[in-house]
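The file protein20.cif comes next; it holds mmCIF, C-alpha atoms.
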data_structure
loop_
_atom_site.label_atom_id
_atom_site.label_comp_id
_atom_site.auth_asym_id
_atom_site.auth_seq_id
_atom_site.Cartn_x
_atom_site.Cartn_y
_atom_site.Cartn_z
CA MET A 1 191.52 43.65 108.63
CA ASN A 2 191.53 41.14 111.49
CA SER A 3 194.62 39.88 113.31
CA ARG A 4 194.90 36.74 111.16
CA GLN A 5 194.83 38.68 107.96
CA THR A 6 197.44 41.04 109.37
CA LYS A 7 199.70 38.13 110.30
CA ASN A 8 199.22 36.54 106.90
CA SER A 9 199.94 39.74 105.06
CA ARG A 10 203.04 40.39 107.16
CA SER A 11 204.38 36.88 106.76
CA SER A 12 204.04 37.09 103.01
CA GLY A 13 203.79 33.38 102.36
CA LYS A 14 205.60 32.16 105.48
CA GLU A 15 203.97 29.70 107.90
CA GLU A 16 201.25 31.14 110.09
CA ARG A 17 201.90 31.02 113.83
CA ILE A 18 199.66 28.64 115.73
CA ARG A 19 198.16 29.99 118.92
CA VAL A 20 197.54 27.83 122.01
CA ASP A 21 193.91 28.93 121.95
CA ASP A 22 193.59 27.28 118.53
CA LEU A 23 195.03 23.97 119.78
CA LEU A 24 193.22 23.41 123.08
CA THR A 25 189.54 23.42 123.84
CA LYS A 26 188.21 24.84 127.09
CA THR A 27 188.02 21.31 128.53
CA ASP A 28 191.60 20.57 127.45
CA LYS A 29 192.79 23.69 129.25
CA ARG A 30 190.97 22.63 132.42
CA VAL A 31 192.64 19.22 132.27
CA VAL A 32 196.06 20.83 131.89
CA VAL A 33 195.41 23.11 134.88
CA PHE A 34 194.18 20.13 136.96
CA ILE A 35 197.28 18.08 136.13
CA ALA A 36 199.55 21.01 136.96
CA ALA A 37 197.76 21.50 140.30
CA ALA A 38 198.08 17.78 141.09
CA ILE A 39 201.82 17.93 140.41
CA VAL A 40 202.21 20.97 142.67
CA VAL A 41 200.23 19.35 145.51
CA GLY A 42 202.20 16.12 145.12
CA ASN A 43 205.47 18.03 145.36
CA ILE A 44 204.24 19.80 148.50
CA PHE A 45 203.54 16.41 150.11
CA LEU A 46 206.99 15.15 149.09
CA TYR A 47 208.60 18.25 150.56
CA LEU A 48 206.68 17.94 153.84
CA ASN A 49 207.47 14.24 154.08
CA ALA A 50 211.18 14.95 153.55
CA ARG A 51 211.11 17.51 156.35
CA ASN A 52 209.19 15.15 158.66
CA PRO A 53 210.51 11.59 158.14
CA GLY A 54 207.83 10.21 160.48
CA GLY A 55 205.30 11.02 157.80
CA PHE A 56 201.91 12.37 158.68
CA GLU A 57 201.37 10.25 161.80
CA GLY A 58 200.77 13.31 164.00
CA LEU A 59 198.08 14.57 161.63
CA LEU A 60 196.03 11.38 161.68
CA PRO A 61 193.48 10.61 164.41
CA ASP A 62 194.71 8.55 167.34
CA THR A 63 193.42 5.00 166.90
CA THR A 64 194.91 3.56 170.08
CA SER A 65 191.93 4.57 172.23
CA VAL A 66 189.35 2.55 170.33
CA HIS A 67 186.99 0.47 172.47
CA LYS A 68 187.52 -3.28 172.29
CA GLY A 69 184.42 -5.43 172.43
CA SER A 70 181.75 -4.54 174.97
CA SER A 71 184.20 -3.59 177.70
CA ASP A 72 183.78 -0.21 179.36
CA THR A 73 187.54 0.35 179.45
CA THR A 74 189.54 1.65 176.53
CA GLN A 75 192.84 0.36 175.29
CA ASP A 76 194.43 3.43 176.86
CA SER A 77 194.08 1.79 180.26
CA LYS A 78 196.41 -0.97 179.05
CA PHE A 79 199.13 1.41 177.93
CA PRO A 80 202.00 1.66 178.32
CA ILE A 81 202.71 -2.03 177.78
CA ASN A 82 205.81 -3.45 179.42
CA ILE A 83 207.54 -5.25 176.56
CA ASN A 84 209.60 -7.29 179.07
CA THR A 85 206.54 -8.92 180.66
CA ALA A 86 203.70 -8.63 178.11
CA SER A 87 202.05 -11.71 176.71
CA LYS A 88 201.67 -12.27 172.97
CA ASP A 89 198.04 -11.12 173.16
CA GLU A 90 199.02 -7.92 174.99
CA LEU A 91 201.74 -7.15 172.46
CA THR A 92 199.28 -7.49 169.57
CA LEU A 93 197.30 -4.58 171.05
CA LEU A 94 200.16 -2.33 169.90
CA PRO A 95 199.78 -0.71 166.47
CA ARG A 96 201.65 -2.52 163.68
CA ILE A 97 202.34 -5.51 165.93
CA GLY A 98 200.69 -8.69 164.77
CA GLU A 99 201.17 -12.22 166.02
CA VAL A 100 204.41 -12.73 164.08
CA LEU A 101 206.11 -9.60 165.45
CA ALA A 102 204.77 -10.31 168.94
CA GLY A 103 206.40 -13.74 168.73
CA ARG A 104 209.69 -12.17 167.60
CA ILE A 105 209.58 -9.71 170.50
CA ILE A 106 209.12 -12.57 172.97
CA GLU A 107 211.92 -14.59 171.30
CA TYR A 108 214.28 -11.58 171.46
CA ARG A 109 213.35 -10.99 175.09
CA LYS A 110 214.14 -14.61 176.00
CA ALA A 111 217.39 -14.69 174.03
CA HIS A 112 218.75 -11.40 175.40
CA GLY A 113 217.39 -11.38 178.93
CA GLY A 114 214.85 -8.67 178.19
CA PHE A 115 214.95 -5.16 176.83
CA ARG A 116 217.12 -2.67 178.70
CA ARG A 117 215.84 0.39 176.81
CA LYS A 118 212.74 1.09 174.73
CA GLU A 119 214.98 1.63 171.69
CA ASP A 120 216.17 -1.98 171.89
CA ILE A 121 212.89 -3.06 170.29
CA THR A 122 214.35 -1.88 166.97
CA ASN A 123 216.72 -4.88 167.21
CA VAL A 124 213.71 -7.14 166.57
CA LYS A 125 213.47 -8.06 162.88
CA GLY A 126 210.58 -6.14 161.31
CA ILE A 127 210.59 -3.19 163.71
CA GLY A 128 212.33 -0.15 162.29
CA GLU A 129 212.55 3.51 163.17
CA LYS A 130 209.09 4.39 161.82
CA THR A 131 207.38 1.68 163.84
CA TYR A 132 209.44 2.59 166.90
CA LYS A 133 208.29 6.21 166.68
CA ILE A 134 204.70 4.98 166.87
CA LEU A 135 205.41 2.48 169.66
CA LYS A 136 207.61 4.69 171.85
CA PRO A 137 204.82 6.37 173.85
CA LEU A 138 202.94 3.08 174.16
CA ILE A 139 205.68 0.86 175.60
CA THR A 140 207.84 0.66 178.69
CA VAL A 141 210.67 -1.57 179.93
CA ASP A 142 210.22 -0.96 183.67
#

In structure tokens, how does this file's structure come out?
Amino acid sequence: MNSRQTKNSRSSGKEERIRVDDLLTKTDKRVVVFIAAAIVVGNIFLYLNARNPGGFEGLLPDTTSVHKGSSDTTQDSKFPININTASKDELTLLPRIGEVLAGRIIEYRKAHGGFRRKEDITNVKGIGEKTYKILKPLITVD
């Protein structure tokens, strides 16, 4: 007697139990395992991001030292940028600072007599804590 016959004879007319092996093919099982692994990995990233609110910025390659044009100097030679004296073009060299934000920085600087501390740049509309964390080592107010 095989296991199915044993179950049937024991159940004496009751419903037969359905095994997972009978419901899922080998491919179906692989898909389930893949989805479970994706959920676990996603939760790990959420956990790490919660512990490090700055995100994964430190894990990414530094893009501030990219060569511009055919010049032999790198952008590093232009940093730190003094946000109290920089032109709009100089401010746009900063990561996440486009022409609009550069204009707002200059407007803020004119309206408030300059920046007293680096942190004051967060008073400019569009520059929050995450952007400030990236800008902090690249700017000065001296």

Target residues per the PyMOL selection byres ((chain A and resi 84-99) around 10), formatted as a PyMOL selection string: chain A and resi 63-64+68+75+78-83+100-106+108-110+113-116+118+126-127+131-132+134-135+138-142

Expressed in Å to a single decimal, how great is the separation between CA of Asp28 (chain A) and CA of Ile44 (chain A)?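 These atoms are spaced 24.6 Å apart.
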
Give me, please, the distance in Å between CA of Arg51 (chain A) and CA of Ala38 (chain A), quoted to one decimal. 20.1 Å

CA of Val32 (chain A) and CA of Asn49 (chain A), how far apart in Å?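 These two atoms are separated by 25.8 Å.
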